[in-house]
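Quick look at target-v9.cif (mmCIF, C-alpha atoms):
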```
data_entry
loop_
_atom_site.label_atom_id
_atom_site.label_comp_id
_atom_site.auth_asym_id
_atom_site.auth_seq_id
_atom_site.Cartn_x
_atom_site.Cartn_y
_atom_site.Cartn_z
CA MET Z 12 233.86 -19.58 43.46
CA ILE Z 13 234.76 -19.09 39.79
CA PRO Z 14 235.33 -15.40 38.99
CA GLN Z 15 233.07 -13.95 36.30
CA GLN Z 16 234.80 -13.23 33.06
CA ARG Z 17 234.29 -9.76 31.66
CA PRO Z 18 233.42 -9.49 27.98
CA ASP Z 19 236.33 -8.75 25.74
CA PHE Z 20 235.67 -5.44 24.04
CA THR Z 21 238.91 -5.59 22.15
CA THR Z 22 237.82 -8.29 19.72
CA PRO Z 23 237.16 -7.25 16.11
CA ALA Z 24 233.48 -8.27 16.37
CA ASN Z 25 232.86 -6.13 19.46
CA ARG Z 26 234.72 -3.19 17.98
CA ARG Z 27 232.63 -3.51 14.82
CA ASP Z 28 229.40 -3.60 16.83
CA GLY Z 29 230.47 -0.53 18.79
CA LEU Z 30 231.33 1.39 15.65
CA MET Z 31 228.01 0.43 14.07
CA ALA Z 32 226.08 1.63 17.13
CA GLU Z 33 228.05 4.88 17.17
CA SER Z 34 227.41 5.37 13.45
CA ALA Z 35 223.66 4.77 13.89
CA THR Z 36 223.53 7.33 16.70
CA GLU Z 37 225.38 9.88 14.60
CA THR Z 38 223.11 9.22 11.60
CA ARG Z 39 220.01 9.74 13.77
CA LYS Z 40 221.50 12.95 15.17
CA ASN Z 41 222.22 14.28 11.68
CA LEU Z 42 218.70 13.36 10.55
CA GLU Z 43 217.18 15.16 13.53
CA ARG Z 44 219.29 18.25 12.84
CA ALA Z 45 218.28 18.28 9.16
CA LEU Z 46 214.58 17.85 9.96
CA VAL Z 47 214.60 20.58 12.60
CA ILE Z 48 216.30 23.07 10.27
CA ALA Z 49 213.99 22.12 7.38
CA THR Z 50 210.92 22.60 9.58
CA VAL Z 51 212.10 26.02 10.76
CA ALA Z 52 212.71 27.03 7.14
CA LEU Z 53 209.32 25.75 5.99
CA VAL Z 54 207.44 27.56 8.78
CA ASN Z 55 209.14 30.83 7.84
CA VAL Z 56 208.55 30.43 4.10
CA ALA Z 57 204.90 29.59 4.73
CA ALA Z 58 204.45 32.79 6.74
CA PHE Z 59 205.63 34.91 3.81
CA ALA Z 60 204.37 32.87 0.87
CA ARG Z 61 200.93 31.53 1.96
CA MET Z 62 201.68 27.96 0.86
CA GLY Z 63 198.31 26.51 1.88
CA VAL Z 64 198.04 22.73 1.72
CA ILE Z 65 201.62 22.43 0.43
CA TYR Z 66 202.80 23.56 3.86
CA GLU Z 67 200.92 20.77 5.61
CA LEU Z 68 202.06 18.21 3.04
CA GLY Z 69 205.65 19.28 3.65
CA LEU Z 70 205.27 18.96 7.42
CA GLY Z 71 203.59 15.58 6.92
CA ALA Z 72 206.52 14.38 4.83
CA PHE Z 73 209.02 15.58 7.47
CA LEU Z 74 206.98 13.82 10.15
CA ALA Z 75 207.00 10.54 8.22
CA VAL Z 76 210.78 10.72 7.76
CA ALA Z 77 211.28 11.52 11.46
CA ILE Z 78 209.15 8.54 12.51
CA ALA Z 79 210.89 6.20 10.08
CA GLY Z 80 214.30 7.39 11.29
CA ARG Z 81 213.27 7.19 14.97
CA ALA Z 82 214.29 10.80 15.49
CA ARG Z 83 212.04 11.32 18.52
CA GLY Z 84 212.93 14.95 19.19
CA ALA Z 85 212.17 15.86 15.60
CA VAL Z 86 208.92 13.85 15.69
CA HIS Z 87 207.60 15.91 18.60
CA PHE Z 88 208.79 19.18 17.05
CA VAL Z 89 207.33 18.57 13.58
CA LEU Z 90 204.13 17.11 15.03
CA LEU Z 91 203.61 20.28 17.07
CA PHE Z 92 203.70 22.55 14.01
CA PHE Z 93 201.63 20.12 11.96
CA LEU Z 94 198.92 20.16 14.64
CA MET Z 95 199.14 23.96 14.93
CA SER Z 96 198.36 24.25 11.23
CA ALA Z 97 195.62 21.63 11.44
CA MET Z 98 194.08 23.43 14.42
CA ARG Z 99 193.91 26.68 12.46
CA ASP Z 100 192.23 24.94 9.53
CA ALA Z 101 189.85 22.85 11.65
CA LEU Z 102 188.45 25.55 13.92
CA PRO Z 103 185.97 27.93 12.31
CA GLY Z 104 186.64 31.65 11.97
CA LEU Z 105 188.15 33.51 14.89
CA ALA Z 106 188.71 30.47 17.12
CA GLY Z 107 191.36 29.14 14.74
CA GLU Z 108 193.24 32.43 14.81
CA MET Z 109 193.38 33.00 18.58
CA PRO Z 110 197.08 32.74 19.49
CA SER Z 111 196.69 30.85 22.76
CA ILE Z 112 194.32 28.24 21.29
CA LYS Z 113 196.43 27.52 18.23
CA ALA Z 114 199.53 27.21 20.41
CA VAL Z 115 198.69 25.49 23.68
CA VAL Z 116 196.16 22.93 22.41
CA PRO Z 117 198.52 21.45 19.76
CA LEU Z 118 201.35 21.55 22.30
CA ALA Z 119 199.30 19.56 24.81
CA ALA Z 120 198.11 17.12 22.14
CA SER Z 121 201.59 16.51 20.68
CA THR Z 122 203.09 16.04 24.15
CA LEU Z 123 200.44 13.51 25.15
CA LEU Z 124 200.94 11.63 21.88
CA MET Z 125 204.68 11.45 22.53
CA LEU Z 126 204.35 10.47 26.18
CA PRO Z 127 204.16 6.67 25.65
CA PHE Z 128 207.37 6.75 23.59
CA THR Z 129 209.52 9.26 25.45
CA LYS Z 130 208.03 9.18 28.97
CA ARG Z 131 209.53 12.01 31.04
CA GLU Z 132 211.48 13.38 28.07
CA ALA Z 133 208.18 14.57 26.58
CA PHE Z 134 208.00 17.12 29.42
CA ALA Z 135 211.73 17.83 29.76
CA TRP Z 136 211.33 21.29 28.20
CA MET Z 137 208.74 22.34 30.80
CA ARG Z 138 211.03 23.58 33.55
CA ALA Z 139 210.51 26.77 35.55
CA GLY Z 140 214.20 27.53 36.00
CA SER Z 141 215.80 29.80 38.62
CA VAL Z 142 215.71 33.59 38.33
CA ASP Z 143 218.67 35.54 39.69
CA VAL Z 144 218.97 39.30 40.18
CA ALA Z 145 220.66 39.87 36.82
CA THR Z 146 217.91 38.00 34.99
CA ALA Z 147 215.25 39.99 36.84
CA LEU Z 148 216.94 43.21 35.71
CA ILE Z 149 217.11 41.96 32.13
CA GLY Z 150 213.41 41.14 32.33
CA ALA Z 151 212.52 44.58 33.71
CA VAL Z 152 214.47 46.41 31.01
CA THR Z 153 213.08 44.13 28.31
CA SER Z 154 209.53 44.77 29.55
CA ALA Z 155 210.00 48.53 29.47
CA VAL Z 156 211.55 48.49 25.99
CA SER Z 157 208.91 46.11 24.60
CA ILE Z 158 206.05 48.22 25.97
CA ALA Z 159 207.50 51.36 24.38
CA ALA Z 160 208.17 49.58 21.06
CA LEU Z 161 204.63 48.14 20.92
CA LEU Z 162 203.05 51.53 21.57
CA VAL Z 163 205.21 53.20 18.91
CA TRP Z 164 204.27 50.48 16.42
CA ALA Z 165 200.58 50.68 17.36
CA PHE Z 166 200.42 54.44 16.72
CA TRP Z 167 202.37 54.05 13.49
CA THR Z 168 200.37 51.23 11.89
CA THR Z 169 196.74 50.85 10.81
CA ASP Z 170 196.72 47.03 10.91
CA PHE Z 171 196.34 45.49 14.35
CA GLY Z 172 195.98 41.94 13.04
CA GLU Z 173 193.29 39.73 14.53
CA GLY Z 174 193.28 41.67 17.82
CA PRO Z 175 190.31 44.00 17.15
CA ALA Z 176 188.14 41.10 15.94
CA ILE Z 177 188.91 39.18 19.15
CA ILE Z 178 187.96 42.18 21.31
CA LYS Z 179 184.72 42.70 19.36
CA PHE Z 180 183.84 39.01 19.71
CA PHE Z 181 184.19 39.09 23.49
CA SER Z 182 182.50 42.48 23.81
CA ALA Z 183 179.38 40.92 22.26
CA HIS Z 184 179.23 38.42 25.13
CA PHE Z 185 180.71 40.29 28.12
CA PRO Z 186 180.45 43.86 29.43
CA ALA Z 187 183.39 46.21 28.94
CA TRP Z 188 184.23 46.35 32.66
CA MET Z 189 184.65 42.58 32.74
CA ILE Z 190 187.00 42.65 29.74
CA PHE Z 191 189.14 45.36 31.39
CA ALA Z 192 189.10 43.77 34.85
CA PHE Z 193 189.42 40.09 33.96
CA GLY Z 194 189.67 39.51 30.22
CA ALA Z 195 192.84 41.48 29.53
CA PRO Z 196 194.86 40.04 32.45
CA LEU Z 197 193.65 36.52 31.68
CA PHE Z 198 194.64 36.92 28.03
CA ALA Z 199 198.10 38.18 29.03
CA LEU Z 200 198.72 35.24 31.37
CA VAL Z 201 197.39 32.50 29.07
CA ASN Z 202 198.92 33.88 25.87
CA ALA Z 203 202.31 34.51 27.48
CA PHE Z 204 202.46 30.98 28.88
CA SER Z 205 201.28 29.30 25.66
CA GLU Z 206 203.78 31.13 23.44
CA GLU Z 207 206.65 30.66 25.88
CA ALA Z 208 205.86 26.96 26.19
CA VAL Z 209 205.83 26.52 22.40
CA TYR Z 210 208.79 28.71 21.39
CA ARG Z 211 211.10 29.05 24.41
CA GLY Z 212 209.99 25.68 25.75
CA LEU Z 213 209.69 22.79 23.32
CA SER Z 214 211.07 24.55 20.23
CA GLN Z 215 214.18 25.97 21.87
CA ALA Z 216 214.89 22.70 23.70
CA THR Z 217 214.56 20.60 20.53
CA ILE Z 218 216.59 22.97 18.37
CA GLY Z 219 219.22 23.20 21.10
CA ASP Z 220 219.60 19.43 21.27
CA ALA Z 221 219.95 19.23 17.49
CA CYS Z 222 221.92 22.38 16.65
CA GLY Z 223 223.36 23.86 19.83
CA PRO Z 224 222.25 26.64 22.22
CA GLY Z 225 223.20 29.63 20.06
CA ALA Z 226 221.31 28.36 17.03
CA ALA Z 227 218.38 27.49 19.29
CA ILE Z 228 217.95 31.10 20.42
CA ALA Z 229 218.05 32.44 16.86
CA LEU Z 230 215.96 29.75 15.16
CA GLN Z 231 213.17 29.63 17.73
CA SER Z 232 212.96 33.43 17.37
CA THR Z 233 212.31 33.08 13.63
CA LEU Z 234 209.45 30.68 14.40
CA TYR Z 235 208.02 33.15 16.91
CA ALA Z 236 208.34 36.01 14.43
CA ALA Z 237 206.78 33.96 11.62
CA ALA Z 238 203.72 33.31 13.81
CA HIS Z 239 203.16 37.07 14.06
CA PHE Z 240 203.88 38.05 10.47
CA LEU Z 241 200.35 37.86 9.03
CA THR Z 242 197.92 38.66 11.83
CA GLY Z 243 199.92 39.25 15.00
CA PHE Z 244 200.43 42.35 17.12
CA PRO Z 245 202.88 43.50 15.82
CA ASN Z 246 202.74 42.13 12.26
CA GLY Z 247 204.29 42.64 8.83
CA TYR Z 248 208.01 43.04 8.18
CA ALA Z 249 208.43 45.52 11.03
CA GLY Z 250 206.55 43.13 13.30
CA TYR Z 251 208.74 40.24 12.22
CA ALA Z 252 211.90 42.21 13.09
CA MET Z 253 210.43 43.30 16.44
CA THR Z 254 209.26 39.85 17.51
CA PHE Z 255 212.49 38.24 16.32
CA SER Z 256 214.54 40.61 18.49
CA TYR Z 257 212.17 40.13 21.42
CA GLY Z 258 212.28 36.36 20.98
CA CYS Z 259 216.08 36.39 21.06
CA VAL Z 260 216.10 38.18 24.42
CA LEU Z 261 213.46 35.84 25.84
CA GLY Z 262 215.41 32.90 24.45
CA TYR Z 263 218.56 34.13 26.15
CA MET Z 264 216.65 34.42 29.43
CA ARG Z 265 215.44 30.86 29.02
CA GLN Z 266 218.98 29.68 28.29
CA ARG Z 267 220.38 31.61 31.25
CA THR Z 268 217.83 30.38 33.79
CA GLY Z 269 217.24 26.85 32.48
CA GLY Z 270 213.48 27.31 32.30
CA ILE Z 271 210.58 29.41 31.03
CA LYS Z 272 209.49 31.22 34.23
CA ALA Z 273 211.55 34.38 33.63
CA SER Z 274 210.55 34.70 29.98
CA CYS Z 275 206.88 34.08 30.88
CA LEU Z 276 206.85 36.86 33.47
CA THR Z 277 208.54 39.24 31.04
CA HIS Z 278 206.14 38.28 28.27
CA VAL Z 279 203.09 39.08 30.43
CA ALA Z 280 204.01 42.79 30.46
CA ALA Z 281 204.00 42.98 26.65
CA ASP Z 282 200.72 41.08 26.37
CA LEU Z 283 199.05 43.32 28.97
CA THR Z 284 200.08 46.31 26.86
CA ILE Z 285 198.58 44.74 23.75
CA ALA Z 286 195.36 43.73 25.50
CA TYR Z 287 194.68 47.11 27.07
CA PHE Z 288 195.64 49.06 23.96
CA LEU Z 289 193.20 47.03 21.86
CA ALA Z 290 190.50 47.23 24.49
CA PHE Z 291 190.76 51.03 24.73
CA SER Z 292 190.86 51.28 20.94
CA VAL Z 293 187.83 49.09 20.25
CA LEU Z 294 185.49 49.46 23.24
#
```
So that I can check it, write out the structure of this file as structure tokens.
Amino acid sequence: MIPQQRPDFTTPANRRDGLMAESATETRKNLERALVIATVALVNVAAFARMGVIYELGLGAFLAVAIAGRARGAVHFVLLFFLMSAMRDALPGLAGEMPSIKAVVPLAASTLLMLPFTKREAFAWMRAGSVDVATALIGAVTSAVSIAALLVWAFWTTDFGEGPAIIKFFSAHFPAWMIFAFGAPLFALVNAFSEEAVYRGLSQATIGDACGPGAAIALQSTLYAAAHFLTGFPNGYAGYAMTFSYGCVLGYMRQRTGGIKASCLTHVAADLTIAYFLAFSVL
């Protein structure tokens, strides 16, 4: 039996091929990092500046560059925010402004579109994670502080964003008791999951792969805050600061546990507060 000869990796040709492959990987990584940071910046500027169609053109350009450069993580990330903007423009009136609809539907669509190209990686961000005692305590304290902060903001402001219009819409179709008994808890569960999936799920995972875990916590929080700036509860500059801080804590919980279960459960408490405050205010 003639022993198999192993390839000689010490030849100049093989070394050159290895260096070229390493260089291509590094170039793709740098492109993904640049596109992720550019997208985060554009989303934040659009929240403050009302860029209109320029915003979507910018995201479209980033998406084209990501596809051409085969930066798959960036493709999924940019596609998500492009579809979120398109969803808001395509759906009439209130439907396009409902937080859970404009978050979870584009997330599902972008993930399904990426599935043939990335297979399991398209769902890699969707982990529950493990919650230890320390994380549970962090969640309990965060819930208490967020409830207090939301109530203080609510009694201070006169602008509750799109919340009152949503309550009025459902009150025209369902009795008040049904909204209190079922509508508010359902909103809290669905909205908490959809926002955690978008911001602490896909966004934080993609930014973390491109820029590192610390940057991921901060940058995903700016995206979360930008989504609340115009019509969220809370909104405005104070709302941006509040949701950014809250997003950082939830992002830390996600980083600590390796999944979105802990941040989802914590988020439900804040959304229940919002839902019942609006319901008592409007009905």
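You can rank Z:Thr146, Z:Ser205, Z:Asn55, Z:Ser182 by their closest distance to Z:Tyr263 using all atoms listed in the file, and at the top of that list sits Z:Thr146.
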Contacts of stretch 189-199 of chain Z within 6 Å, all atoms listed in the file, excl. fewer than 5 positions in-chain, as a PyMOL selection string: chain Z and resi 279+282-283+286
Restricted to C-alpha atoms, what would the selected residues look like written as an mmCIF file, in the frame of the given file?
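New file again-v5.cif:
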```cif
data_model
loop_
_atom_site.group_PDB
_atom_site.id
_atom_site.type_symbol
_atom_site.label_atom_id
_atom_site.label_comp_id
_atom_site.auth_asym_id
_atom_site.auth_seq_id
_atom_site.Cartn_x
_atom_site.Cartn_y
_atom_site.Cartn_z
ATOM 1 C CA VAL Z 279 203.090 39.080 30.430
ATOM 2 C CA ASP Z 282 200.720 41.080 26.370
ATOM 3 C CA LEU Z 283 199.050 43.320 28.970
ATOM 4 C CA ALA Z 286 195.360 43.730 25.500
#
```
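Nearest residue to Z:Ala145 among Z:Ser274, Z:Arg267, Z:Ala281, Z:Ala77 is Z:Arg267, counting all atoms listed in the file.
Going from atom CA of Z:His239 to atom CA of Z:Glu173 covers 10.2 Å.
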Computed interatomic separation between atom CA of Z:Leu46 and atom CA of Z:Leu90 (Å): 11.6 Å
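Interatomic distance, atom CA of Z:Ser157 against atom CA of Z:Thr169: 19.0 Å.
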Take the PyMOL selection byres ((chain Z and resi 63-70) around 12), run it mentally on this structure, and tell me the resulting residues as an NGL selection string. :Z and (46-47 or 49-62 or 71-77 or 85-100)
Need the shell around Z:Ser214: protein/DNA/RNA residues with any atom at most 9 Å away, counting only C-alpha atoms. Skip same-chain ones fewer than 6 positions apart. Format as a ChimeraX atom specification? /Z:88,136,208,227,230-231,234
As a check of understanding, name the residues that the PyMOL selection byres ((chain Z and resi 257) around 10) selects in the supplied structure, as a PyMOL selection string. chain Z and resi 153-154+156-157+232+235-236+251-256+258-263+278
